[in-house]
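Student: You'll find target38.cif just under this line, and it carries mmCIF, C-alpha atoms.
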data_coords
loop_
_atom_site.label_atom_id
_atom_site.label_comp_id
_atom_site.auth_asym_id
_atom_site.auth_seq_id
_atom_site.Cartn_x
_atom_site.Cartn_y
_atom_site.Cartn_z
CA GLY A 1 0.00 0.00 0.00
CA SER A 2 0.88 3.67 -0.18
CA SER A 3 2.66 5.45 2.62
CA PHE A 4 3.28 9.12 3.34
CA ILE A 5 6.22 11.02 4.76
CA THR A 6 5.33 14.31 6.41
CA LEU A 7 7.89 17.11 6.53
CA THR A 8 7.19 20.16 8.67
CA SER A 9 9.07 22.82 10.58
CA ARG A 10 9.54 20.22 13.29
CA ASN A 11 11.84 18.10 11.15
CA GLY A 12 13.68 20.40 8.80
CA LEU A 13 11.40 22.78 6.89
CA PRO A 14 11.90 26.48 7.62
CA GLY A 15 8.14 27.00 7.50
CA ASP A 16 4.93 24.99 7.17
CA GLY A 17 3.49 27.00 4.26
CA VAL A 18 5.05 25.39 1.14
CA PHE A 19 4.54 27.22 -2.16
CA THR A 20 6.83 25.30 -4.52
CA ILE A 21 8.80 22.02 -4.70
CA LEU A 22 11.72 21.03 -6.92
CA HIS A 23 13.36 17.59 -7.26
CA ASP A 24 16.80 18.37 -8.65
CA ARG A 25 19.05 16.25 -10.86
CA ASP A 26 21.16 15.20 -7.86
CA GLY A 27 18.15 13.76 -6.08
CA ARG A 28 17.67 16.55 -3.57
CA TYR A 29 14.28 18.05 -2.82
CA TRP A 30 14.00 21.83 -2.63
CA PHE A 31 11.10 23.36 -0.73
CA GLY A 32 10.17 27.01 -1.12
CA THR A 33 8.25 28.07 1.95
CA GLU A 34 6.76 31.11 3.62
CA ASN A 35 9.88 31.31 5.75
CA GLY A 36 12.73 30.53 3.37
CA LEU A 37 14.27 27.90 1.12
CA VAL A 38 15.73 24.54 2.07
CA ALA A 39 17.19 21.54 0.22
CA MET A 40 16.87 18.09 1.74
CA ASN A 41 17.96 14.53 1.06
CA VAL A 42 14.70 12.71 1.73
CA ASP A 43 15.07 9.07 2.77
CA THR A 44 11.81 7.48 1.67
CA LYS A 45 12.55 4.23 3.54
CA ASP A 46 13.54 5.81 6.83
CA PRO A 47 12.24 9.37 7.30
CA LYS A 48 14.47 9.77 10.37
CA LYS A 49 17.49 9.70 8.04
CA THR A 50 16.21 12.70 6.06
CA THR A 51 18.88 15.39 6.20
CA VAL A 52 19.02 19.09 5.42
CA VAL A 53 21.82 19.82 2.93
CA VAL A 54 21.24 23.54 2.33
CA PRO A 55 20.10 24.98 5.65
CA GLU A 56 20.91 28.62 4.84
CA THR A 57 20.94 30.08 1.34
CA GLY A 58 21.61 33.71 2.13
CA ILE A 59 18.56 34.83 0.13
CA PRO A 60 17.11 37.91 1.86
CA SER A 61 13.49 37.08 1.05
CA LYS A 62 11.69 34.64 3.30
CA LEU A 63 8.83 33.83 0.93
CA ILE A 64 9.94 31.63 -1.99
CA ARG A 65 7.27 31.62 -4.70
CA THR A 66 8.65 29.43 -7.54
CA LEU A 67 11.58 27.12 -8.41
CA TYR A 68 12.97 25.73 -11.67
CA GLN A 69 16.14 23.83 -12.63
CA ASP A 70 17.41 24.29 -16.19
CA LYS A 71 19.47 21.93 -18.35
CA SER A 72 22.76 23.34 -17.07
CA GLY A 73 21.79 22.51 -13.50
CA THR A 74 21.20 26.11 -12.47
CA ILE A 75 18.29 26.54 -10.07
CA TRP A 76 16.10 29.61 -10.62
CA ILE A 77 14.52 30.95 -7.46
CA GLY A 78 11.66 33.42 -7.60
CA THR A 79 10.85 35.34 -4.43
CA ARG A 80 7.96 37.48 -3.29
CA ASP A 81 9.91 40.63 -2.54
CA ALA A 82 13.60 40.24 -3.45
CA GLY A 83 13.48 39.40 -7.15
CA LEU A 84 15.17 36.47 -8.89
CA PHE A 85 18.14 34.37 -7.82
CA LEU A 86 20.14 31.96 -10.00
CA TYR A 87 21.91 29.32 -7.94
CA THR A 88 24.70 27.19 -9.41
CA PRO A 89 25.35 24.23 -7.10
CA SER A 90 28.99 23.59 -6.31
CA ARG A 91 30.37 20.24 -7.40
CA VAL A 92 32.48 20.10 -4.24
CA ASP A 93 30.34 21.71 -1.59
CA THR A 94 26.60 20.94 -1.61
CA VAL A 95 25.86 23.63 0.95
CA LEU A 96 27.37 26.64 -0.75
CA GLY A 97 27.11 27.61 -4.38
CA LYS A 98 27.32 30.63 -6.66
CA TYR A 99 24.43 33.07 -6.82
CA SER A 100 23.41 35.66 -9.38
CA HIS A 101 20.76 38.13 -8.31
CA TYR A 102 18.34 40.19 -10.40
CA ASP A 103 15.84 42.72 -9.14
CA LYS A 104 14.50 46.15 -10.05
CA THR A 105 17.98 47.64 -9.77
CA ASN A 106 19.37 45.61 -12.69
CA GLY A 107 16.57 45.00 -15.14
CA LEU A 108 13.82 42.92 -13.54
CA PRO A 109 10.55 44.92 -13.78
CA ASP A 110 9.28 43.91 -10.33
CA ASN A 111 10.68 42.14 -7.26
CA PHE A 112 7.68 39.80 -6.87
CA VAL A 113 8.41 36.81 -9.12
CA TYR A 114 5.16 34.84 -9.44
CA THR A 115 5.98 32.26 -12.13
CA LEU A 116 8.83 30.99 -14.33
CA TYR A 117 8.66 29.46 -17.82
CA HIS A 118 11.59 27.97 -19.79
CA ASP A 119 10.91 28.13 -23.53
CA HIS A 120 12.08 25.91 -26.40
CA SER A 121 14.89 28.27 -27.38
CA GLY A 122 16.44 28.19 -23.92
CA SER A 123 15.19 31.56 -22.71
CA MET A 124 13.55 31.97 -19.33
CA TRP A 125 10.37 34.04 -18.99
CA VAL A 126 9.81 35.63 -15.62
CA GLY A 127 6.22 36.47 -14.78
CA THR A 128 6.07 39.17 -12.13
CA TYR A 129 3.21 40.31 -9.97
CA GLY A 130 3.11 43.99 -10.80
CA GLY A 131 5.74 44.60 -13.48
CA GLY A 132 4.60 42.45 -16.40
CA VAL A 133 6.72 39.67 -17.89
CA ALA A 134 10.45 39.69 -18.61
CA LYS A 135 12.38 37.50 -21.06
CA PHE A 136 15.86 36.60 -19.88
CA VAL A 137 18.06 35.74 -22.86
CA PRO A 138 20.98 33.41 -21.98
CA GLY A 139 24.40 34.74 -22.83
CA SER A 140 23.11 38.22 -23.58
CA LYS A 141 25.38 41.13 -22.77
CA PRO A 142 24.00 43.72 -20.36
CA GLN A 143 22.88 46.85 -22.14
CA ASN A 144 22.30 49.82 -19.88
CA ASN A 145 22.49 47.39 -16.95
CA ARG A 146 19.60 45.30 -18.32
CA ARG A 147 19.50 41.60 -19.21
CA PHE A 148 15.76 41.46 -19.80
CA ILE A 149 13.27 42.17 -22.56
CA VAL A 150 10.22 43.46 -20.73
CA TYR A 151 6.58 43.36 -21.81
CA ASN A 152 4.08 45.35 -19.78
CA ARG A 153 1.09 47.64 -20.21
CA SER A 154 3.24 50.25 -21.91
CA ASN A 155 3.96 47.98 -24.91
CA GLY A 156 0.89 45.78 -25.31
CA LEU A 157 0.53 43.42 -22.35
CA LEU A 158 -2.99 43.66 -20.99
CA ASN A 159 -2.12 43.47 -17.30
CA ASN A 160 1.13 43.67 -15.31
CA PHE A 161 0.17 40.89 -12.90
CA VAL A 162 1.24 37.69 -14.72
CA MET A 163 0.17 34.41 -13.11
CA SER A 164 0.77 31.82 -15.86
CA ILE A 165 2.83 31.43 -19.05
CA CYS A 166 2.64 29.00 -21.97
CA GLU A 167 4.33 28.65 -25.39
CA ASP A 168 3.11 26.94 -28.54
CA GLY A 169 5.05 25.54 -31.49
CA ASP A 170 4.44 28.62 -33.64
CA GLY A 171 6.32 31.06 -31.44
CA THR A 172 3.23 32.38 -29.68
CA PHE A 173 3.43 33.06 -25.95
CA LEU A 174 0.38 33.24 -23.74
CA PHE A 175 0.28 35.16 -20.48
CA GLY A 176 -2.54 34.62 -18.00
CA THR A 177 -3.13 37.72 -15.90
CA ASN A 178 -4.86 38.66 -12.68
CA GLY A 179 -7.82 40.68 -13.88
CA ASN A 180 -7.58 41.14 -17.65
CA GLY A 181 -7.70 37.65 -19.15
CA VAL A 182 -5.01 36.35 -21.50
CA SER A 183 -2.49 38.21 -23.64
CA LEU A 184 -1.16 36.29 -26.67
CA LEU A 185 2.21 37.54 -27.86
CA LYS A 186 2.73 36.81 -31.56
CA PRO A 187 5.52 38.05 -33.84
CA SER A 188 2.98 40.55 -35.18
CA GLY A 189 2.02 41.83 -31.71
CA PHE A 190 -0.49 41.12 -28.96
CA GLN A 191 -3.96 39.58 -29.15
CA LEU A 192 -6.21 39.81 -26.13
CA TYR A 193 -8.86 37.45 -24.74
CA SER A 194 -11.09 38.26 -21.79
CA LYS A 195 -14.72 38.02 -20.66
CA ASP A 196 -15.51 40.46 -23.46
CA ASN A 197 -14.76 37.80 -26.08
CA GLY A 198 -15.59 34.48 -24.47
CA LEU A 199 -13.57 33.73 -21.33
CA PRO A 200 -15.64 32.86 -18.26
CA GLY A 201 -13.39 34.95 -15.99
CA ASN A 202 -10.59 37.50 -16.24
CA VAL A 203 -8.30 36.02 -13.57
CA VAL A 204 -6.32 33.32 -15.39
CA PHE A 205 -4.48 30.99 -13.02
CA SER A 206 -3.39 28.42 -15.61
CA VAL A 207 -2.69 28.22 -19.35
CA PHE A 208 -2.22 24.87 -21.10
CA GLN A 209 -1.82 23.80 -24.74
CA ASP A 210 -3.37 20.48 -25.74
CA THR A 211 -1.85 18.06 -28.25
CA ASP A 212 -4.36 19.20 -30.90
CA GLY A 213 -3.09 22.79 -30.68
CA SER A 214 -6.00 24.20 -28.70
CA TYR A 215 -5.50 26.22 -25.54
CA TRP A 216 -7.16 25.66 -22.18
CA PHE A 217 -7.52 28.44 -19.62
CA GLY A 218 -8.21 27.97 -15.94
CA THR A 219 -9.96 31.09 -14.64
CA ASP A 220 -11.58 32.34 -11.46
CA GLU A 221 -14.99 31.53 -12.98
CA GLY A 222 -14.36 28.20 -14.66
CA LEU A 223 -12.64 26.55 -17.62
CA ALA A 224 -12.36 27.74 -21.23
CA ARG A 225 -10.96 26.34 -24.48
CA LEU A 226 -9.63 28.37 -27.41
CA VAL A 227 -9.25 26.77 -30.84
CA PRO A 228 -6.96 28.90 -33.06
CA PRO A 229 -7.84 29.59 -36.72
CA SER A 230 -7.04 26.70 -39.04
CA GLY A 231 -8.12 25.82 -42.57
CA ALA A 232 -11.66 26.92 -43.24
CA GLN A 233 -11.94 28.24 -39.67
CA THR A 234 -10.72 31.81 -40.11
CA GLN A 235 -11.49 33.05 -36.58
CA PRO A 236 -10.56 31.64 -33.17
CA VAL A 237 -13.35 29.85 -31.33
CA VAL A 238 -13.65 30.25 -27.56
CA THR A 239 -15.83 27.82 -25.58
CA SER A 240 -16.60 28.29 -21.91
CA PHE A 241 -17.18 25.25 -19.69
CA GLY A 242 -18.23 27.23 -16.65
CA SER A 243 -21.79 25.92 -16.82
CA VAL A 244 -20.82 22.23 -17.05
CA SER A 245 -22.17 20.50 -13.95
CA ALA A 246 -18.91 18.73 -13.10
CA LEU A 247 -17.07 22.04 -12.93
CA GLY A 248 -19.71 24.65 -12.29
CA ASN A 249 -18.18 28.10 -12.08
CA LYS A 250 -15.47 27.01 -9.66
CA PRO A 251 -12.05 28.60 -9.99
CA VAL A 252 -9.68 26.37 -12.01
CA SER A 253 -6.15 26.70 -10.64
CA SER A 254 -4.23 24.05 -12.65
CA ILE A 255 -4.49 22.02 -15.85
CA ALA A 256 -2.45 18.98 -16.92
CA SER A 257 -2.65 16.06 -19.34
CA ASP A 258 -2.24 12.35 -18.64
CA GLY A 259 -0.70 11.80 -22.09
CA LYS A 260 -3.71 9.77 -23.25
CA GLY A 261 -5.90 12.60 -24.42
CA ARG A 262 -7.46 13.31 -21.05
CA LEU A 263 -7.14 16.52 -19.07
CA LEU A 264 -6.80 16.79 -15.31
CA ILE A 265 -8.50 19.91 -13.97
CA GLY A 266 -7.46 21.11 -10.52
CA MET A 267 -9.97 23.41 -8.83
CA LYS A 268 -9.69 25.69 -5.85
CA ASN A 269 -11.72 24.02 -3.09
CA GLY A 270 -13.21 21.61 -5.64
CA GLY A 271 -10.72 18.76 -5.99
CA VAL A 272 -9.62 17.31 -9.35
CA THR A 273 -11.80 16.45 -12.34
#
Could you spell out this file's structure in structure tokens?
Tutor:
Amino acid sequence: GSSFITLTSRNGLPGDGVFTILHDRDGRYWFGTENGLVAMNVDTKDPKKTTVVVPETGIPSKLIRTLYQDKSGTIWIGTRDAGLFLYTPSRVDTVLGKYSHYDKTNGLPDNFVYTLYHDHSGSMWVGTYGGGVAKFVPGSKPQNNRRFIVYNRSNGLLNNFVMSICEDGDGTFLFGTNGNGVSLLKPSGFQLYSKDNGLPGNVVFSVFQDTDGSYWFGTDEGLARLVPPSGAQTQPVVTSFGSVSALGNKPVSSIASDGKGRLLIGMKNGGVT
């Protein structure tokens, strides 16, 4: 049968409110909490042997919002109030590593990093809660002390509070916002989708692209699907599923696929469908 291991502030976590989890390539588990960041070697057979390997990171922010490890092994750490940290684990010392730090003083548009998205070209997109979205281009040289290409309300983004990011195979990026629906960034510019043109709600927690090319949006008032123009269909078609009995108008916080053509819909206070 299944068994559970519970980790709390009593046995290693810096806080009991856990916002993000990362299982790195070396087998460590990173937990971003309300009271800091920790990395642990979790012994699934004997929880008492679980050890903390990075007890103190030196990051000034206590609230860690999001984590991501890229192909080079670098761990990206988004915080609520201190910007973005890039941590390169040392091959010799697992406790200490090399940090790079980005905040409003060197190009990041806001210090609240809400979400991270690594695209197919190797660039990282940083969704901030108040400053729009910033594209970090690897290997780029700082120009005027900036390493970011920023999109916000001044150049076409619908809302500066970005909660979710998705990319399709055609080079389109989708940004779910807190209050103004979805902004689609195409090479030709932005397209906007909100309650005015079919979405059930304007707070978009999750954006997901299905294998057939359609987009699914999890909003504060239910689920929606957007089918892009194709063939004889010259206009996008938006369908709202907010009235479906299984979902109702419950907020949809996460969307995933099981790889067999079925979607898993996570709802706030409504379980999984």
Student: One decimal, Å: what's the distance from CA of Gly83 in chain A over to CA of Leu116 in chain A, could you say?
Tutor: 12.0 Å
Student: Check what the PyMOL selection byres ((chain A and resi 115) around 10) selects in the file above and give those residues as a VMD selection string.
Tutor: chain A and resid 65 to 68 77 to 79 112 to 114 116 to 117 125 to 129 133 162 to 165
Student: Which residues, named as in the file, does the PyMOL selection byres ((chain A and resi 7-13) around 8) pick out? Answer as a list in words.
Tutor: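 Checking the PyMOL selection byres ((chain A and resi 7-13) around 8) against this file, the residues are Ile5, Thr6, Pro14, Gly15, Asp16, Phe31, Thr33, Val38, Thr51 and Val52 of chain A.
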Student: So what do you get for CA of Gly73 in chain A versus CA of Gly266 in chain A, distance-wise?
Tutor: 29.4 Å
Student: Tell me which of A:Gly198, A:Gly261, A:Asp43, A:Asp170 sits closest to Asp212 in chain A, counting all atoms listed in the file.
Tutor: A:Gly261
Student: May I ask for the distance between CA of Asn35 in chain A and CA of Val203 in chain A, given in Å to one decimal place?
Tutor: 26.9 Å
Student: Hey, what comes out of the PyMOL selection byres ((chain A and resi 100) around 7) on this file? Could you write it as a PyMOL selection string?
Tutor: chain A and resi 85-87+98-99+101-102
Student: Restricting the calculation to all atoms listed in the file, which member of A:Ser257, A:Ser230, A:Asn202, A:Thr20 is positioned closest to Ala39 in chain A?
Tutor: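 Looking only at the distances to Ala39 in chain A, the closest residue turns out to be A:Thr20.
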